[in-house]
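Source file: query.txt. Holds: compact mmCIF, N, CA and C atoms.
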```
# COMPACT_ATOMS: atom_id res chain seq x y z
N MET Y 20 47.93 -58.72 -221.64
CA MET Y 20 49.32 -58.45 -221.28
C MET Y 20 50.30 -59.09 -222.27
N LYS Y 21 49.84 -60.12 -222.95
CA LYS Y 21 50.74 -60.85 -223.83
C LYS Y 21 51.31 -59.97 -224.95
N ASN Y 22 50.51 -59.07 -225.48
CA ASN Y 22 50.95 -58.24 -226.61
C ASN Y 22 51.31 -56.82 -226.19
N MET Y 23 51.53 -56.62 -224.92
CA MET Y 23 51.83 -55.29 -224.40
C MET Y 23 53.23 -54.85 -224.84
N LYS Y 24 53.36 -53.57 -225.15
CA LYS Y 24 54.66 -53.04 -225.53
C LYS Y 24 55.61 -53.07 -224.34
N GLU Y 25 56.89 -53.14 -224.65
CA GLU Y 25 57.93 -53.30 -223.62
C GLU Y 25 57.90 -52.20 -222.56
N ASP Y 26 57.81 -50.94 -222.98
CA ASP Y 26 57.84 -49.86 -222.01
C ASP Y 26 56.60 -49.83 -221.12
N ILE Y 27 55.46 -50.21 -221.67
CA ILE Y 27 54.22 -50.27 -220.87
C ILE Y 27 54.32 -51.39 -219.85
N LEU Y 28 54.84 -52.55 -220.27
CA LEU Y 28 55.00 -53.66 -219.33
C LEU Y 28 56.00 -53.30 -218.23
N ASN Y 29 57.07 -52.62 -218.59
CA ASN Y 29 58.03 -52.16 -217.57
C ASN Y 29 57.34 -51.29 -216.53
N LEU Y 30 56.52 -50.36 -217.00
CA LEU Y 30 55.80 -49.46 -216.11
C LEU Y 30 54.84 -50.24 -215.20
N LYS Y 31 54.10 -51.19 -215.76
CA LYS Y 31 53.16 -51.97 -214.98
C LYS Y 31 53.88 -52.83 -213.93
N LEU Y 32 55.01 -53.41 -214.31
CA LEU Y 32 55.78 -54.21 -213.35
C LEU Y 32 56.34 -53.34 -212.22
N CYS Y 33 56.83 -52.17 -212.56
CA CYS Y 33 57.34 -51.26 -211.53
C CYS Y 33 56.23 -50.81 -210.59
N ASP Y 34 55.05 -50.56 -211.14
CA ASP Y 34 53.90 -50.19 -210.32
C ASP Y 34 53.52 -51.34 -209.39
N ARG Y 35 53.54 -52.55 -209.91
CA ARG Y 35 53.23 -53.72 -209.08
C ARG Y 35 54.26 -53.87 -207.97
N LEU Y 36 55.52 -53.65 -208.28
CA LEU Y 36 56.57 -53.73 -207.26
C LEU Y 36 56.35 -52.68 -206.17
N ALA Y 37 56.02 -51.46 -206.56
CA ALA Y 37 55.74 -50.41 -205.57
C ALA Y 37 54.56 -50.79 -204.69
N ASN Y 38 53.54 -51.39 -205.28
CA ASN Y 38 52.38 -51.83 -204.50
C ASN Y 38 52.75 -52.95 -203.53
N VAL Y 39 53.61 -53.85 -203.96
CA VAL Y 39 54.05 -54.94 -203.08
C VAL Y 39 54.86 -54.38 -201.91
N TYR Y 40 55.67 -53.37 -202.14
CA TYR Y 40 56.40 -52.73 -201.04
C TYR Y 40 55.44 -52.17 -199.99
N ASP Y 41 54.29 -51.67 -200.44
CA ASP Y 41 53.31 -51.07 -199.53
C ASP Y 41 52.41 -52.09 -198.83
N LEU Y 42 52.49 -53.35 -199.20
CA LEU Y 42 51.59 -54.36 -198.63
C LEU Y 42 51.75 -54.54 -197.12
N LYS Y 43 52.91 -54.24 -196.59
CA LYS Y 43 53.13 -54.45 -195.15
C LYS Y 43 52.15 -53.65 -194.30
N ASN Y 44 51.53 -52.64 -194.88
CA ASN Y 44 50.56 -51.81 -194.16
C ASN Y 44 49.11 -52.25 -194.38
N ALA Y 45 48.91 -53.32 -195.14
CA ALA Y 45 47.56 -53.75 -195.50
C ALA Y 45 47.06 -54.85 -194.57
N SER Y 46 45.77 -55.15 -194.68
CA SER Y 46 45.19 -56.23 -193.88
C SER Y 46 45.67 -57.58 -194.40
N LEU Y 47 45.61 -58.58 -193.53
CA LEU Y 47 46.06 -59.92 -193.90
C LEU Y 47 45.30 -60.46 -195.10
N ASP Y 48 43.99 -60.27 -195.13
CA ASP Y 48 43.20 -60.76 -196.26
C ASP Y 48 43.62 -60.10 -197.57
N PHE Y 49 43.86 -58.79 -197.53
CA PHE Y 49 44.27 -58.09 -198.74
C PHE Y 49 45.66 -58.54 -199.18
N ILE Y 50 46.55 -58.72 -198.22
CA ILE Y 50 47.91 -59.18 -198.54
C ILE Y 50 47.85 -60.52 -199.27
N GLU Y 51 47.05 -61.43 -198.73
CA GLU Y 51 46.95 -62.76 -199.35
C GLU Y 51 46.36 -62.66 -200.75
N LYS Y 52 45.28 -61.92 -200.88
CA LYS Y 52 44.63 -61.77 -202.19
C LYS Y 52 45.57 -61.14 -203.21
N TYR Y 53 46.23 -60.07 -202.83
CA TYR Y 53 47.10 -59.35 -203.75
C TYR Y 53 48.34 -60.17 -204.09
N SER Y 54 48.86 -60.89 -203.12
CA SER Y 54 50.04 -61.73 -203.36
C SER Y 54 49.73 -62.83 -204.36
N VAL Y 55 48.61 -63.50 -204.16
CA VAL Y 55 48.22 -64.58 -205.07
C VAL Y 55 47.96 -64.03 -206.46
N GLU Y 56 47.24 -62.93 -206.54
CA GLU Y 56 46.96 -62.30 -207.83
C GLU Y 56 48.27 -61.94 -208.54
N THR Y 57 49.20 -61.38 -207.80
CA THR Y 57 50.48 -60.99 -208.37
C THR Y 57 51.25 -62.19 -208.89
N LEU Y 58 51.28 -63.26 -208.10
CA LEU Y 58 52.01 -64.46 -208.53
C LEU Y 58 51.38 -65.10 -209.76
N VAL Y 59 50.07 -65.05 -209.87
CA VAL Y 59 49.39 -65.58 -211.07
C VAL Y 59 49.79 -64.76 -212.29
N ILE Y 60 49.78 -63.45 -212.15
CA ILE Y 60 50.17 -62.58 -213.27
C ILE Y 60 51.62 -62.83 -213.67
N LEU Y 61 52.50 -62.90 -212.69
CA LEU Y 61 53.92 -63.11 -213.00
C LEU Y 61 54.16 -64.46 -213.64
N ASN Y 62 53.45 -65.46 -213.17
CA ASN Y 62 53.57 -66.80 -213.76
C ASN Y 62 53.12 -66.77 -215.22
N TYR Y 63 52.01 -66.12 -215.48
CA TYR Y 63 51.52 -66.00 -216.85
C TYR Y 63 52.55 -65.30 -217.74
N LEU Y 64 53.07 -64.19 -217.27
CA LEU Y 64 54.05 -63.45 -218.06
C LEU Y 64 55.31 -64.28 -218.32
N THR Y 65 55.76 -64.98 -217.30
CA THR Y 65 56.99 -65.76 -217.42
C THR Y 65 56.87 -66.83 -218.51
N PHE Y 66 55.70 -67.44 -218.60
CA PHE Y 66 55.54 -68.55 -219.54
C PHE Y 66 54.92 -68.17 -220.88
N ASN Y 67 54.39 -66.95 -221.00
CA ASN Y 67 53.67 -66.58 -222.22
C ASN Y 67 54.14 -65.29 -222.86
N HIS Y 68 55.23 -64.74 -222.38
CA HIS Y 68 55.66 -63.45 -222.90
C HIS Y 68 57.18 -63.44 -222.96
N PHE Y 69 57.73 -62.87 -224.02
CA PHE Y 69 59.17 -62.68 -224.05
C PHE Y 69 59.50 -61.55 -223.10
N LEU Y 70 60.36 -61.82 -222.12
CA LEU Y 70 60.71 -60.82 -221.12
C LEU Y 70 62.14 -60.36 -221.31
N THR Y 71 62.34 -59.07 -221.19
CA THR Y 71 63.69 -58.52 -221.26
C THR Y 71 64.40 -58.81 -219.94
N SER Y 72 65.69 -58.58 -219.90
CA SER Y 72 66.44 -58.80 -218.66
C SER Y 72 65.96 -57.84 -217.57
N THR Y 73 65.59 -56.63 -217.94
CA THR Y 73 65.06 -55.67 -216.98
C THR Y 73 63.75 -56.18 -216.37
N GLN Y 74 62.88 -56.67 -217.22
CA GLN Y 74 61.60 -57.19 -216.74
C GLN Y 74 61.80 -58.41 -215.83
N ARG Y 75 62.74 -59.25 -216.18
CA ARG Y 75 63.03 -60.42 -215.32
C ARG Y 75 63.56 -59.98 -213.95
N LYS Y 76 64.39 -58.94 -213.93
CA LYS Y 76 64.90 -58.43 -212.66
C LYS Y 76 63.78 -57.85 -211.80
N ILE Y 77 62.87 -57.14 -212.42
CA ILE Y 77 61.73 -56.59 -211.67
C ILE Y 77 60.88 -57.72 -211.11
N ILE Y 78 60.62 -58.73 -211.92
CA ILE Y 78 59.84 -59.88 -211.47
C ILE Y 78 60.55 -60.59 -210.31
N GLU Y 79 61.85 -60.75 -210.40
CA GLU Y 79 62.61 -61.35 -209.29
C GLU Y 79 62.44 -60.53 -208.01
N GLU Y 80 62.50 -59.21 -208.13
CA GLU Y 80 62.35 -58.34 -206.96
C GLU Y 80 60.95 -58.45 -206.37
N ILE Y 81 59.94 -58.52 -207.22
CA ILE Y 81 58.57 -58.69 -206.73
C ILE Y 81 58.45 -60.00 -205.96
N ASN Y 82 58.96 -61.07 -206.54
CA ASN Y 82 58.91 -62.38 -205.86
C ASN Y 82 59.65 -62.34 -204.52
N LEU Y 83 60.79 -61.72 -204.51
CA LEU Y 83 61.58 -61.61 -203.28
C LEU Y 83 60.79 -60.87 -202.20
N GLU Y 84 60.18 -59.76 -202.56
CA GLU Y 84 59.41 -58.98 -201.59
C GLU Y 84 58.19 -59.73 -201.08
N ILE Y 85 57.51 -60.44 -201.96
CA ILE Y 85 56.36 -61.24 -201.52
C ILE Y 85 56.81 -62.33 -200.55
N ASN Y 86 57.91 -62.99 -200.85
CA ASN Y 86 58.42 -64.03 -199.96
C ASN Y 86 58.84 -63.46 -198.61
N LYS Y 87 59.50 -62.30 -198.61
CA LYS Y 87 59.89 -61.67 -197.34
C LYS Y 87 58.66 -61.30 -196.51
N LEU Y 88 57.66 -60.77 -197.17
CA LEU Y 88 56.44 -60.38 -196.49
C LEU Y 88 55.75 -61.59 -195.88
N ARG Y 89 55.64 -62.65 -196.63
CA ARG Y 89 55.01 -63.87 -196.12
C ARG Y 89 55.79 -64.45 -194.95
N ASP Y 90 57.11 -64.47 -195.05
CA ASP Y 90 57.94 -64.96 -193.94
C ASP Y 90 57.70 -64.15 -192.68
N THR Y 91 57.68 -62.83 -192.82
CA THR Y 91 57.47 -61.95 -191.68
C THR Y 91 56.10 -62.19 -191.04
N LEU Y 92 55.07 -62.33 -191.87
CA LEU Y 92 53.73 -62.53 -191.34
C LEU Y 92 53.59 -63.89 -190.66
N ILE Y 93 54.22 -64.90 -191.21
CA ILE Y 93 54.16 -66.23 -190.59
C ILE Y 93 54.87 -66.20 -189.24
N LEU Y 94 56.04 -65.57 -189.17
CA LEU Y 94 56.76 -65.48 -187.90
C LEU Y 94 55.95 -64.69 -186.87
N LYS Y 95 55.27 -63.65 -187.30
CA LYS Y 95 54.43 -62.87 -186.40
C LYS Y 95 53.30 -63.74 -185.86
N ARG Y 96 52.68 -64.53 -186.73
CA ARG Y 96 51.59 -65.41 -186.31
C ARG Y 96 52.08 -66.47 -185.33
N VAL Y 97 53.26 -67.03 -185.58
CA VAL Y 97 53.82 -68.04 -184.67
C VAL Y 97 54.06 -67.43 -183.29
N LYS Y 98 54.59 -66.21 -183.27
CA LYS Y 98 54.83 -65.53 -182.00
C LYS Y 98 53.52 -65.30 -181.25
N GLU Y 99 52.47 -64.89 -181.97
CA GLU Y 99 51.17 -64.69 -181.35
C GLU Y 99 50.64 -66.00 -180.75
N ILE Y 100 50.83 -67.07 -181.46
CA ILE Y 100 50.38 -68.38 -180.98
C ILE Y 100 51.15 -68.77 -179.73
N GLN Y 101 52.47 -68.60 -179.77
CA GLN Y 101 53.31 -68.95 -178.62
C GLN Y 101 52.96 -68.13 -177.39
N GLU Y 102 52.56 -66.89 -177.59
CA GLU Y 102 52.21 -66.02 -176.48
C GLU Y 102 50.76 -66.19 -176.05
N GLY Y 103 50.05 -67.09 -176.70
CA GLY Y 103 48.67 -67.36 -176.34
C GLY Y 103 47.69 -66.31 -176.81
N GLN Y 104 48.11 -65.45 -177.72
CA GLN Y 104 47.22 -64.41 -178.22
C GLN Y 104 46.23 -64.95 -179.24
N VAL Y 105 46.57 -66.08 -179.86
CA VAL Y 105 45.70 -66.69 -180.86
C VAL Y 105 45.40 -68.10 -180.40
N LYS Y 106 44.13 -68.39 -180.28
CA LYS Y 106 43.74 -69.72 -179.82
C LYS Y 106 43.46 -70.66 -180.98
N LYS Y 107 43.09 -70.12 -182.12
CA LYS Y 107 42.71 -70.94 -183.26
C LYS Y 107 43.22 -70.29 -184.54
N ILE Y 108 43.78 -71.09 -185.41
CA ILE Y 108 44.26 -70.57 -186.69
C ILE Y 108 43.21 -70.88 -187.75
N SER Y 109 42.84 -69.89 -188.49
CA SER Y 109 41.89 -70.08 -189.57
C SER Y 109 42.59 -70.71 -190.76
N CYS Y 110 41.97 -71.70 -191.35
CA CYS Y 110 42.53 -72.32 -192.55
C CYS Y 110 42.10 -71.56 -193.80
N LYS Y 111 41.35 -70.48 -193.60
CA LYS Y 111 40.87 -69.68 -194.72
C LYS Y 111 42.02 -69.13 -195.56
N SER Y 112 43.07 -68.76 -194.92
CA SER Y 112 44.18 -68.12 -195.63
C SER Y 112 45.23 -69.15 -196.01
N ASN Y 113 45.62 -69.15 -197.28
CA ASN Y 113 46.70 -70.03 -197.73
C ASN Y 113 48.03 -69.63 -197.13
N LEU Y 114 48.13 -68.38 -196.69
CA LEU Y 114 49.36 -67.86 -196.14
C LEU Y 114 49.83 -68.66 -194.95
N PHE Y 115 48.89 -69.15 -194.14
CA PHE Y 115 49.25 -69.88 -192.93
C PHE Y 115 48.94 -71.36 -193.05
N TYR Y 116 48.72 -71.84 -194.25
CA TYR Y 116 48.35 -73.24 -194.44
C TYR Y 116 49.40 -74.18 -193.85
N SER Y 117 50.67 -73.84 -194.02
CA SER Y 117 51.73 -74.73 -193.52
C SER Y 117 51.72 -74.83 -192.01
N LEU Y 118 51.19 -73.83 -191.31
CA LEU Y 118 51.13 -73.89 -189.85
C LEU Y 118 50.00 -74.80 -189.38
N THR Y 119 48.95 -74.93 -190.18
CA THR Y 119 47.80 -75.70 -189.73
C THR Y 119 47.86 -77.15 -190.21
N LYS Y 120 48.67 -77.43 -191.19
CA LYS Y 120 48.75 -78.77 -191.74
C LYS Y 120 49.80 -79.56 -190.97
N SER Y 121 49.37 -80.64 -190.32
CA SER Y 121 50.34 -81.48 -189.62
C SER Y 121 49.93 -82.92 -189.64
```
Represent the supplied structure as C-alpha cells.
Amino acid sequence: MKNMKEDILNLKLCDRLANVYDLKNASLDFIEKYSVETLVILNYLTFNHFLTSTQRKIIEEINLEINKLRDTLILKRVKEIQEGQVKKISCKSNLFYSLTKS
C-alpha cells in the first residue's frame, strides 16, 4: 500500500468505508475482526504514506463510523446485561473489554 497510486488508494479507502457502513449487519466476531484490521491498515497508512486531504477525510469518516458502531454495540450489550439476557460476558472480544475490566 505504501507505493500505491493516489487514485487506487482513494478507491480502496472508499471501498473500505462502504464495507464499514455495512458492518452493522454482520456478526459480532466479524465486526471486531474487520474493525481491528481496518484500524491497523489506517494506522499504517497514516504513518507511512503521504495522504492527500481527500484521503485524510475518508480515513476520518471510516474512524467515525467504526467508533459509532462500537458505541452502539456496547450500549446494546449493556442493555442486554441489565435486562438479564446475558449472564456472562466473554473476554474474547476486545470490543467489550472495558465492560469486563473493573
Item to complete: Give the alpha helix (DSSP H) residues of chain Y, as DSSP finds them on the backbone, and put them as a PyMOL selection string.
Response: chain Y and resi 25-41+47-67+72-101+116-119
Give the padded box for range 41-52 of chain Y as AutoDock Vina command-line options: axis-aligned, covering all atoms listed in the file, 5 Å on each side, centre and edge lengths in Å to one decimal.
```
--center_x 48.7 --center_y -56.9 --center_z -198.4 --size_x 21.1 --size_y 21.7 --size_z 19.7
```
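Comparing the minimum interatomic distances between Asn86 in chain Y and each of Y:Lys24, Y:Lys43, Y:His68, Y:Lys98, counting only C-alpha atoms, we find that Y:Lys43 sits nearest.
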Worksheet entry | Protein, DNA and RNA residues within 12 Å of (43.9, -53.7, -205.4), only C-alpha atoms, as JSON, numbers by chain | {"Y": [34, 35, 38, 39, 41, 42, 45, 46, 48, 49, 50, 51, 52, 53, 54, 55, 56, 57]}
Worksheet entry | Coordinates-based distance that separates atom C of Arg96 in chain Y from atom N of Asn82 in chain Y (Å, one decimal) | 22.9 Å
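Nearest to Leu28 in chain Y of all the residues Y:Gln74, Y:Ile85, Y:Gln101, Y:Ile93 is Y:Gln74, counting all atoms listed in the file.
Atom pair atom N of Asn22 in chain Y / atom C of Lys76 in chain Y has a distance of 19.1 Å (rounded to one decimal).
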